[in-house]
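Reproduced below: model-v6.tsv, with TSV, C-alpha atoms (C1' of nucleotides).
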```tsv
chain	number	residue	atom	x	y	z
A	421	MET	CA	-24.99	43.30	-75.18
A	422	SER	CA	-25.87	41.84	-71.88
A	423	SER	CA	-27.69	38.97	-73.51
A	424	ALA	CA	-28.52	36.06	-71.28
A	425	GLU	CA	-25.98	33.89	-73.06
A	426	ALA	CA	-23.23	36.42	-72.41
A	427	ALA	CA	-24.08	37.24	-68.82
A	428	ALA	CA	-24.72	33.74	-67.50
A	429	PRO	CA	-21.07	32.58	-67.56
A	430	LEU	CA	-20.13	35.73	-65.70
A	431	PHE	CA	-22.64	35.06	-62.93
A	432	ALA	CA	-21.55	31.43	-62.92
A	433	ALA	CA	-18.03	32.54	-62.08
A	434	LEU	CA	-19.44	34.57	-59.20
A	435	ALA	CA	-21.56	31.70	-57.93
A	436	ASP	CA	-19.00	30.32	-55.51
A	437	PRO	CA	-18.21	31.65	-52.03
A	438	THR	CA	-14.52	30.82	-52.37
A	439	ARG	CA	-14.30	32.80	-55.58
A	440	LEU	CA	-16.20	35.73	-54.11
A	441	ALA	CA	-13.78	35.74	-51.18
A	442	LEU	CA	-10.86	35.77	-53.61
A	443	LEU	CA	-12.29	38.73	-55.46
A	444	ARG	CA	-12.85	40.54	-52.18
A	445	ARG	CA	-9.23	40.10	-51.19
A	446	LEU	CA	-7.98	41.18	-54.58
A	447	ALA	CA	-10.18	44.28	-54.49
A	448	ASP	CA	-7.51	46.17	-52.55
A	449	GLY	CA	-5.56	46.46	-55.77
A	450	GLU	CA	-2.58	44.37	-54.74
A	451	PRO	CA	-1.76	41.47	-57.07
A	452	ARG	CA	-1.00	38.32	-55.13
A	453	PRO	CA	0.58	34.94	-55.87
A	454	ILE	CA	-1.45	31.79	-55.38
A	455	VAL	CA	0.22	30.75	-52.13
A	456	ALA	CA	-0.70	34.05	-50.52
A	457	LEU	CA	-4.32	33.61	-51.60
A	458	ALA	CA	-4.42	30.00	-50.52
A	459	ALA	CA	-3.10	30.93	-47.08
A	460	GLY	CA	-6.43	32.36	-45.98
A	461	SER	CA	-8.49	29.51	-47.37
A	462	ALA	CA	-8.94	26.06	-45.90
A	463	LEU	CA	-8.51	24.56	-49.34
A	464	THR	CA	-5.52	23.15	-51.14
A	465	ARG	CA	-3.33	25.33	-53.27
A	466	GLN	CA	-4.58	23.37	-56.27
A	467	ALA	CA	-8.20	24.11	-55.46
A	468	VAL	CA	-7.47	27.81	-55.19
A	469	SER	CA	-5.53	27.60	-58.43
A	470	LYS	CA	-8.53	26.08	-60.15
A	471	HIS	CA	-10.84	28.78	-58.82
A	472	LEU	CA	-8.46	31.43	-60.09
A	473	ALA	CA	-8.48	29.71	-63.46
A	474	VAL	CA	-12.27	29.95	-63.51
A	475	LEU	CA	-12.17	33.63	-62.59
A	476	ARG	CA	-9.57	34.16	-65.27
A	477	GLY	CA	-11.74	32.34	-67.80
A	478	ALA	CA	-14.55	34.74	-66.98
A	479	GLY	CA	-12.21	37.70	-67.38
A	480	LEU	CA	-12.60	38.73	-63.76
A	481	VAL	CA	-8.93	38.31	-62.96
A	482	ALA	CA	-5.64	38.81	-64.76
A	483	ARG	CA	-2.59	36.61	-64.43
A	484	ARG	CA	0.95	37.93	-64.69
A	485	PRO	CA	3.85	35.51	-64.25
A	486	SER	CA	6.70	36.95	-62.26
A	487	GLY	CA	9.68	34.72	-61.82
A	488	ARG	CA	8.60	31.47	-60.28
A	489	GLU	CA	5.29	32.82	-59.04
A	490	ALA	CA	2.10	33.93	-60.79
A	491	LEU	CA	0.48	37.17	-59.68
A	492	TYR	CA	-3.27	37.48	-59.90
A	493	ALA	CA	-5.03	40.84	-60.01
A	494	LEU	CA	-8.65	41.96	-60.16
A	495	ARG	CA	-10.17	43.21	-63.40
A	496	PRO	CA	-13.12	45.39	-62.40
A	497	GLU	CA	-14.38	45.95	-65.95
A	498	ARG	CA	-16.12	42.61	-65.97
A	499	LEU	CA	-17.75	43.35	-62.65
A	500	ALA	CA	-19.25	46.37	-64.34
A	501	GLU	CA	-20.74	44.13	-67.02
A	502	ALA	CA	-22.52	42.05	-64.43
A	503	ARG	CA	-23.84	45.21	-62.87
A	504	ALA	CA	-25.01	46.38	-66.28
A	505	TRP	CA	-27.15	43.30	-66.74
A	506	LEU	CA	-28.80	43.77	-63.37
A	507	ASP	CA	-29.34	47.43	-64.15
A	508	GLU	CA	-31.06	46.57	-67.41
A	509	VAL	CA	-33.59	44.33	-65.77
A	510	ALA	CA	-34.13	46.79	-62.94
A	511	ALA	CA	-34.64	49.60	-65.44
A	512	GLN	CA	-37.19	47.59	-67.39
A	513	TRP	CA	-38.98	46.90	-64.14
A	514	ASP	CA	-39.03	50.55	-63.18
A	515	ASP	CA	-40.34	51.49	-66.61
A	516	ALA	CA	-43.12	48.98	-66.21
A	517	LEU	CA	-44.04	50.46	-62.85
A	518	GLY	CA	-43.98	53.94	-64.30
A	519	ARG	CA	-46.27	53.02	-67.16
A	520	LEU	CA	-48.65	51.30	-64.79
A	521	LYS	CA	-48.81	54.32	-62.57
A	522	ALA	CA	-49.38	56.63	-65.53
A	523	HIS	CA	-52.12	54.43	-66.81
A	524	VAL	CA	-53.89	54.40	-63.48
A	525	GLU	CA	-53.75	58.16	-63.04
A	526	GLU	CA	-54.91	58.71	-66.59
A	527	LYS	CA	-58.15	56.99	-65.79
B	30	MET	CA	-23.30	42.26	-44.91
B	31	SER	CA	-23.09	40.97	-48.40
B	32	SER	CA	-20.80	38.26	-47.17
B	33	ALA	CA	-19.58	35.77	-49.71
B	34	GLU	CA	-21.72	33.06	-48.15
B	35	ALA	CA	-24.85	35.15	-48.56
B	36	ALA	CA	-24.19	36.43	-52.06
B	37	ALA	CA	-22.99	33.23	-53.70
B	38	PRO	CA	-26.39	31.46	-53.76
B	39	LEU	CA	-27.88	34.56	-55.33
B	40	PHE	CA	-25.32	34.59	-58.11
B	41	ALA	CA	-25.78	30.85	-58.49
B	42	ALA	CA	-29.45	31.43	-59.26
B	43	LEU	CA	-28.40	33.93	-61.92
B	44	ALA	CA	-25.83	31.60	-63.44
B	45	ASP	CA	-28.13	30.03	-66.02
B	46	PRO	CA	-29.16	31.56	-69.37
B	47	THR	CA	-32.65	30.08	-69.14
B	48	ARG	CA	-33.19	31.66	-65.76
B	49	LEU	CA	-31.85	35.01	-66.92
B	50	ALA	CA	-34.25	34.88	-69.84
B	51	LEU	CA	-37.12	34.15	-67.47
B	52	LEU	CA	-36.20	37.14	-65.31
B	53	ARG	CA	-36.01	39.31	-68.38
B	54	ARG	CA	-39.50	38.34	-69.45
B	55	LEU	CA	-40.89	38.86	-65.98
B	56	ALA	CA	-39.27	42.29	-65.75
B	57	ASP	CA	-42.24	43.85	-67.51
B	58	GLY	CA	-44.20	43.50	-64.29
B	59	GLU	CA	-46.77	41.02	-65.54
B	60	PRO	CA	-47.04	37.83	-63.51
B	61	ARG	CA	-47.26	34.78	-65.75
B	62	PRO	CA	-48.22	31.14	-65.36
B	63	ILE	CA	-45.67	28.45	-66.14
B	64	VAL	CA	-47.16	27.48	-69.48
B	65	ALA	CA	-46.84	31.02	-70.75
B	66	LEU	CA	-43.20	31.11	-69.70
B	67	ALA	CA	-42.48	27.68	-71.13
B	68	ALA	CA	-44.00	28.72	-74.47
B	69	GLY	CA	-40.98	30.80	-75.45
B	70	SER	CA	-38.44	28.25	-74.32
B	71	ALA	CA	-37.37	25.08	-76.12
B	72	LEU	CA	-37.49	23.22	-72.84
B	73	THR	CA	-40.14	21.11	-71.21
B	74	ARG	CA	-42.65	22.65	-68.88
B	75	GLN	CA	-41.02	20.65	-66.09
B	76	ALA	CA	-37.62	22.12	-66.78
B	77	VAL	CA	-39.03	25.65	-66.68
B	78	SER	CA	-40.87	24.77	-63.50
B	79	LYS	CA	-37.64	23.64	-61.90
B	80	HIS	CA	-35.88	26.82	-62.95
B	81	LEU	CA	-38.67	28.87	-61.44
B	82	ALA	CA	-38.31	26.86	-58.25
B	83	VAL	CA	-34.63	27.77	-58.16
B	84	LEU	CA	-35.39	31.44	-58.71
B	85	ARG	CA	-38.02	31.25	-56.02
B	86	GLY	CA	-35.56	29.60	-53.66
B	87	ALA	CA	-33.21	32.52	-54.20
B	88	GLY	CA	-36.02	34.97	-53.54
B	89	LEU	CA	-35.84	36.39	-57.05
B	90	VAL	CA	-39.38	35.41	-57.91
B	91	ALA	CA	-42.69	35.17	-56.09
B	92	ARG	CA	-45.30	32.48	-56.63
B	93	ARG	CA	-49.01	33.15	-56.28
B	94	PRO	CA	-51.45	30.31	-56.97
B	95	SER	CA	-54.53	31.42	-58.83
B	96	GLY	CA	-57.03	28.72	-59.49
B	97	ARG	CA	-55.39	25.88	-61.31
B	98	GLU	CA	-52.40	27.90	-62.38
B	99	ALA	CA	-49.46	29.41	-60.53
B	100	LEU	CA	-48.48	32.97	-61.34
B	101	TYR	CA	-44.83	33.91	-61.06
B	102	ALA	CA	-43.69	37.48	-60.61
B	103	LEU	CA	-40.32	39.21	-60.36
B	104	ARG	CA	-39.00	40.40	-57.00
B	105	PRO	CA	-36.50	43.12	-57.81
B	106	GLU	CA	-35.33	43.58	-54.20
B	107	ARG	CA	-33.04	40.60	-54.47
B	108	LEU	CA	-31.58	41.90	-57.71
B	109	ALA	CA	-30.58	44.95	-55.74
B	110	GLU	CA	-28.76	42.76	-53.25
B	111	ALA	CA	-26.67	41.20	-55.98
B	112	ARG	CA	-25.91	44.67	-57.23
B	113	ALA	CA	-24.94	45.75	-53.74
B	114	TRP	CA	-22.27	43.07	-53.52
B	115	LEU	CA	-20.76	44.13	-56.84
B	116	ASP	CA	-20.88	47.74	-55.72
B	117	GLU	CA	-19.00	46.92	-52.54
B	118	VAL	CA	-16.13	45.30	-54.37
B	119	ALA	CA	-16.06	48.07	-56.94
B	120	ALA	CA	-16.02	50.68	-54.17
B	121	GLN	CA	-13.15	48.97	-52.40
B	122	TRP	CA	-11.29	48.90	-55.69
B	123	ASP	CA	-11.88	52.59	-56.27
B	124	ASP	CA	-10.73	53.40	-52.76
B	125	ALA	CA	-7.55	51.45	-53.34
B	126	LEU	CA	-6.92	53.38	-56.55
B	127	GLY	CA	-7.54	56.64	-54.77
B	128	ARG	CA	-5.13	55.84	-51.97
B	129	LEU	CA	-2.49	54.77	-54.42
B	130	LYS	CA	-2.82	57.99	-56.35
B	131	ALA	CA	-2.65	60.06	-53.16
B	132	HIS	CA	0.40	58.20	-52.02
B	133	VAL	CA	2.19	58.78	-55.29
B	134	GLU	CA	1.43	62.50	-55.37
B	135	GLU	CA	2.47	62.85	-51.75
B	136	LYS	CA	5.95	61.74	-52.62
C	813	DA	C1'	25.30	22.37	-57.15
C	814	DA	C1'	21.53	21.04	-54.54
C	815	DG	C1'	17.47	21.60	-51.95
C	816	DA	C1'	13.35	24.28	-51.39
C	817	DA	C1'	9.57	27.08	-53.08
C	818	DG	C1'	5.85	28.08	-56.43
C	819	DC	C1'	3.10	26.44	-60.30
C	820	DG	C1'	0.96	23.78	-63.83
C	821	DC	C1'	-0.88	19.50	-65.77
C	822	DA	C1'	-3.34	15.17	-65.45
C	823	DA	C1'	-6.08	11.48	-63.39
C	824	DC	C1'	-9.55	10.28	-60.28
C	825	DT	C1'	-13.73	10.56	-57.07
C	826	DT	C1'	-17.85	12.63	-55.52
C	827	DT	C1'	-21.62	15.59	-55.53
C	828	DG	C1'	-25.04	18.46	-57.43
C	829	DG	C1'	-27.36	20.79	-61.52
C	830	DG	C1'	-30.09	20.45	-65.69
C	831	DG	C1'	-33.19	17.73	-68.21
C	832	DT	C1'	-36.62	14.17	-69.22
C	833	DT	C1'	-40.47	10.91	-68.47
C	834	DG	C1'	-44.32	9.23	-65.84
C	835	DC	C1'	-47.96	9.70	-62.64
C	836	DA	C1'	-51.12	11.83	-59.43
C	837	DT	C1'	-53.91	15.97	-58.29
C	838	DA	C1'	-56.81	19.98	-58.66
C	839	DT	C1'	-59.29	23.25	-61.45
C	840	DT	C1'	-61.78	24.81	-65.60
C	841	DG	C1'	-65.09	24.32	-69.31
C	842	DT	C1'	-68.76	21.86	-71.98
D	1310	DA	C1'	-70.29	14.16	-65.19
D	1311	DC	C1'	-66.23	14.20	-68.20
D	1312	DA	C1'	-62.53	15.66	-70.79
D	1313	DA	C1'	-59.01	18.93	-71.02
D	1314	DT	C1'	-55.77	22.07	-68.82
D	1315	DA	C1'	-52.11	23.47	-65.45
D	1316	DT	C1'	-49.24	21.90	-61.74
D	1317	DG	C1'	-46.50	19.37	-58.50
D	1318	DC	C1'	-43.80	15.40	-57.07
D	1319	DA	C1'	-40.55	11.60	-57.72
D	1320	DA	C1'	-37.42	8.67	-60.04
D	1321	DC	C1'	-34.07	8.44	-63.18
D	1322	DC	C1'	-29.92	9.79	-66.58
D	1323	DC	C1'	-25.94	12.59	-67.84
D	1324	DC	C1'	-22.31	15.60	-67.31
D	1325	DA	C1'	-19.70	19.23	-65.44
D	1326	DA	C1'	-17.89	21.41	-61.26
D	1327	DA	C1'	-15.29	21.08	-56.90
D	1328	DG	C1'	-11.81	18.92	-54.53
D	1329	DT	C1'	-7.89	15.84	-53.82
D	1330	DT	C1'	-3.45	13.50	-54.85
D	1331	DG	C1'	0.67	12.75	-57.50
D	1332	DC	C1'	4.17	14.17	-60.67
D	1333	DG	C1'	7.24	17.19	-63.13
D	1334	DC	C1'	9.15	21.71	-64.42
D	1335	DT	C1'	11.07	26.16	-63.46
D	1336	DT	C1'	13.06	29.56	-60.44
D	1337	DC	C1'	15.08	31.29	-56.06
D	1338	DT	C1'	18.30	30.65	-52.21
D	1339	DT	C1'	22.34	29.22	-49.75
```
Would you give me this structure, written as structure tokens?
Amino acid sequence: MSSAEAAAPLFAALADPTRLALLRRLADGEPRPIVALAAGSALTRQAVSKHLAVLRGAGLVARRPSGREALYALRPERLAEARAWLDEVAAQWDDALGRLKAHVEEK
Amino acid sequence: MSSAEAAAPLFAALADPTRLALLRRLADGEPRPIVALAAGSALTRQAVSKHLAVLRGAGLVARRPSGREALYALRPERLAEARAWLDEVAAQWDDALGRLKAHVEEK
DNA sequence: AAGAAGCGCAACTTTGGGGTTGCATATTGT
DNA sequence: ACAATATGCAACCCCAAAGTTGCGCTTCTT
């Protein structure tokens, strides 16, 4: 659960501005084909396709073929996992602060 | 805020298991010198040093020289920024779901 | 039936990340 | 004063990630 080995690939998928922009656009709930997503970007359709493949590999996006096009949609569950990791570290930090404070007052 | 351009470097710093492990160990609030942090890892001291430099570049860690050693400490503020980006996308997603539901019931 | 639209796959180039080794420097301890 | 400790800096590999181009296949459209 939220081990470093499990969380790192997730953050790696988020480590690109193009991919973050794609997730942002998909956050409105509407599945979109690649051409529609590539329209906003300055990149090639192929480049966008590759980025979507990366996001799909990380489980952040789902792909549903529909006729001749492929619709991509956001999968927010994985976003929650990334948040969980950050929360864990933050919680450990807060605990440490709490213990320190208690220890100081105890003296 | 939380533009893709601003958040991506932050996630990039989190995209490595070694670095995540370092953050985990520093989350107990105790600043540590490099040797202490390299002790747990299978890597060279240099490799750990480079990772700490990356974390420092992303603002996730603070460096305080103390005599001949350099103490590294966690800076949880930046963790919160990463969380904020994820929260934004999640919130937009929830809003979209809410609107969809409202629209359906309205019919 | 034929052209256009939308994708995927594969090959190729370039750039940057992760890691190591080697050396130079400053501090600590005896 | 000297040896050991703790770093930083720089040069150097290796490989994967990002992007492009080219080709071929399937599915609409007229």
With only C-alpha atoms (C1' of nucleotides) counted and 12 Å as the cut-off, give the residues of chain D in contact with chain A, each with its shortest interatomic distance in Å and the pair that gives it, as CSV.
```
residue,atom,partner,partner_atom,distance
D:DA1326,C1',A:Val474,CA,10.5
D:DA1327,C1',A:Ala467,CA,7.8
D:DG1328,C1',A:Ala467,CA,6.4
D:DT1329,C1',A:Thr464,CA,8.1
D:DT1330,C1',A:Gln466,CA,10.0
D:DG1331,C1',A:Gln466,CA,11.9
D:DC1334,C1',A:Arg488,CA,10.6
D:DT1335,C1',A:Arg488,CA,6.7
D:DT1336,C1',A:Arg488,CA,4.9
D:DC1337,C1',A:Arg488,CA,7.7
```
Need to verify the contact set: region 1318-1320 of chain D, 10 Å, only C-alpha atoms (C1' of nucleotides), exclusion of same-chain residues closer than 4 positions in sequence. Can you return it as a PyMOL selection string?
chain C and resi 833-836
Take chain B, lay it over chain A with a least-squares fit on all the Cα atoms in order, then hand it over as a compact mmCIF listing (two decimals) with C-alpha atoms, in the coordinates of the input.
```txt
# COMPACT_ATOMS: atom_id res chain seq x y z
CA MET B 30 -26.04 43.54 -75.35
CA SER B 31 -26.00 41.89 -72.01
CA SER B 32 -27.80 38.96 -73.52
CA ALA B 33 -28.55 36.06 -71.25
CA GLU B 34 -25.98 33.93 -73.05
CA ALA B 35 -23.26 36.48 -72.41
CA ALA B 36 -24.10 37.27 -68.80
CA ALA B 37 -24.71 33.77 -67.50
CA PRO B 38 -21.06 32.61 -67.58
CA LEU B 39 -20.11 35.76 -65.70
CA PHE B 40 -22.62 35.07 -62.96
CA ALA B 41 -21.52 31.45 -62.94
CA ALA B 42 -17.99 32.57 -62.09
CA LEU B 43 -19.44 34.58 -59.20
CA ALA B 44 -21.55 31.70 -57.94
CA ASP B 45 -19.00 30.31 -55.51
CA PRO B 46 -18.22 31.66 -52.01
CA THR B 47 -14.53 30.83 -52.36
CA ARG B 48 -14.30 32.80 -55.56
CA LEU B 49 -16.18 35.74 -54.09
CA ALA B 50 -13.77 35.74 -51.18
CA LEU B 51 -10.84 35.75 -53.58
CA LEU B 52 -12.28 38.74 -55.45
CA ARG B 53 -12.82 40.53 -52.18
CA ARG B 54 -9.20 40.08 -51.18
CA LEU B 55 -7.95 41.17 -54.57
CA ALA B 56 -10.14 44.27 -54.47
CA ASP B 57 -7.47 46.14 -52.54
CA GLY B 58 -5.51 46.45 -55.77
CA GLU B 59 -2.54 44.34 -54.74
CA PRO B 60 -1.74 41.46 -57.07
CA ARG B 61 -0.98 38.29 -55.14
CA PRO B 62 0.59 34.93 -55.88
CA ILE B 63 -1.45 31.77 -55.39
CA VAL B 64 0.22 30.75 -52.15
CA ALA B 65 -0.70 34.04 -50.54
CA LEU B 66 -4.31 33.61 -51.61
CA ALA B 67 -4.41 29.98 -50.53
CA ALA B 68 -3.07 30.93 -47.09
CA GLY B 69 -6.39 32.35 -45.94
CA SER B 70 -8.46 29.53 -47.33
CA ALA B 71 -8.95 26.06 -45.86
CA LEU B 72 -8.54 24.58 -49.31
CA THR B 73 -5.58 23.13 -51.12
CA ARG B 74 -3.40 25.30 -53.26
CA GLN B 75 -4.68 23.33 -56.25
CA ALA B 76 -8.28 24.12 -55.45
CA VAL B 77 -7.50 27.83 -55.19
CA SER B 78 -5.56 27.60 -58.42
CA LYS B 79 -8.56 26.09 -60.15
CA HIS B 80 -10.83 28.80 -58.81
CA LEU B 81 -8.45 31.44 -60.09
CA ALA B 82 -8.49 29.72 -63.46
CA VAL B 83 -12.27 29.99 -63.50
CA LEU B 84 -12.15 33.66 -62.58
CA ARG B 85 -9.55 34.19 -65.25
CA GLY B 86 -11.71 32.38 -67.79
CA ALA B 87 -14.52 34.79 -66.98
CA GLY B 88 -12.18 37.74 -67.37
CA LEU B 89 -12.58 38.75 -63.74
CA VAL B 90 -8.91 38.32 -62.95
CA ALA B 91 -5.63 38.83 -64.76
CA ARG B 92 -2.59 36.60 -64.46
CA ARG B 93 0.95 37.93 -64.71
CA PRO B 94 3.85 35.50 -64.28
CA SER B 95 6.71 36.93 -62.30
CA GLY B 96 9.64 34.65 -61.88
CA ARG B 97 8.53 31.41 -60.37
CA GLU B 98 5.25 32.77 -59.13
CA ALA B 99 2.07 33.92 -60.85
CA LEU B 100 0.50 37.16 -59.70
CA TYR B 101 -3.26 37.48 -59.92
CA ALA B 102 -5.00 40.83 -60.02
CA LEU B 103 -8.62 41.97 -60.13
CA ARG B 104 -10.16 43.23 -63.37
CA PRO B 105 -13.08 45.39 -62.32
CA GLU B 106 -14.34 45.99 -65.88
CA ARG B 107 -16.08 42.65 -65.92
CA LEU B 108 -17.72 43.35 -62.58
CA ALA B 109 -19.24 46.36 -64.25
CA GLU B 110 -20.68 44.15 -66.96
CA ALA B 111 -22.45 41.99 -64.41
CA ARG B 112 -23.78 45.14 -62.83
CA ALA B 113 -24.95 46.37 -66.21
CA TRP B 114 -27.12 43.31 -66.72
CA LEU B 115 -28.77 43.76 -63.32
CA ASP B 116 -29.28 47.43 -64.08
CA GLU B 117 -31.02 46.61 -67.34
CA VAL B 118 -33.55 44.35 -65.70
CA ALA B 119 -34.07 46.80 -62.87
CA ALA B 120 -34.59 49.62 -65.37
CA GLN B 121 -37.13 47.62 -67.33
CA TRP B 122 -38.93 46.91 -64.08
CA ASP B 123 -38.98 50.57 -63.13
CA ASP B 124 -40.28 51.51 -66.56
CA ALA B 125 -43.07 49.00 -66.20
CA LEU B 126 -44.00 50.46 -62.82
CA GLY B 127 -43.96 53.94 -64.27
CA ARG B 128 -46.22 53.02 -67.15
CA LEU B 129 -48.62 51.27 -64.84
CA LYS B 130 -48.83 54.29 -62.60
CA ALA B 131 -49.38 56.61 -65.57
CA HIS B 132 -52.08 54.37 -66.92
CA VAL B 133 -53.91 54.31 -63.62
CA GLU B 134 -53.81 58.08 -63.17
CA GLU B 135 -54.92 58.60 -66.75
CA LYS B 136 -58.15 56.82 -66.02
```
For chain A, work out the contacting residues on chain C at 9 Å, counting only C-alpha atoms (C1' of nucleotides), and write them as number ranges by chain.
C: 817-819
Length of the CA of Glu110 (chain B) to CA of Leu89 (chain B) vector [Å]:
10.3 Å
If the cut-off is 8 Å, can you tell me the residues of chain A near chain B, counting only C-alpha atoms? I'd like them as a ChimeraX atom specification.
/A:424-425,427-438,440-441,443-444,447-449,496,499-500,503,506,509-510,512-513,515-517
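Here C1' of DG828 (chain C) is placed at a distance of 15.7 Å from CA of Ala82 (chain B).
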Can you tell me how far CA of Leu491 (chain A) sits from CA of Val133 (chain B), in Å to one decimal?
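One can read the CA of Leu491 (chain A) to CA of Val133 (chain B) distance as 22.1 Å.
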Enclose the full set of atoms of region 831-839 of chain C listed in the file within a box whose edges lie along x, y and z, apply 6 Å of padding to each of the six sides, and report centre and edge lengths in Å to one decimal as AutoDock Vina command-line options.
```
--center_x -46.2 --center_y 16.2 --center_z -63.8 --size_x 38.1 --size_y 26.0 --size_z 22.9
```
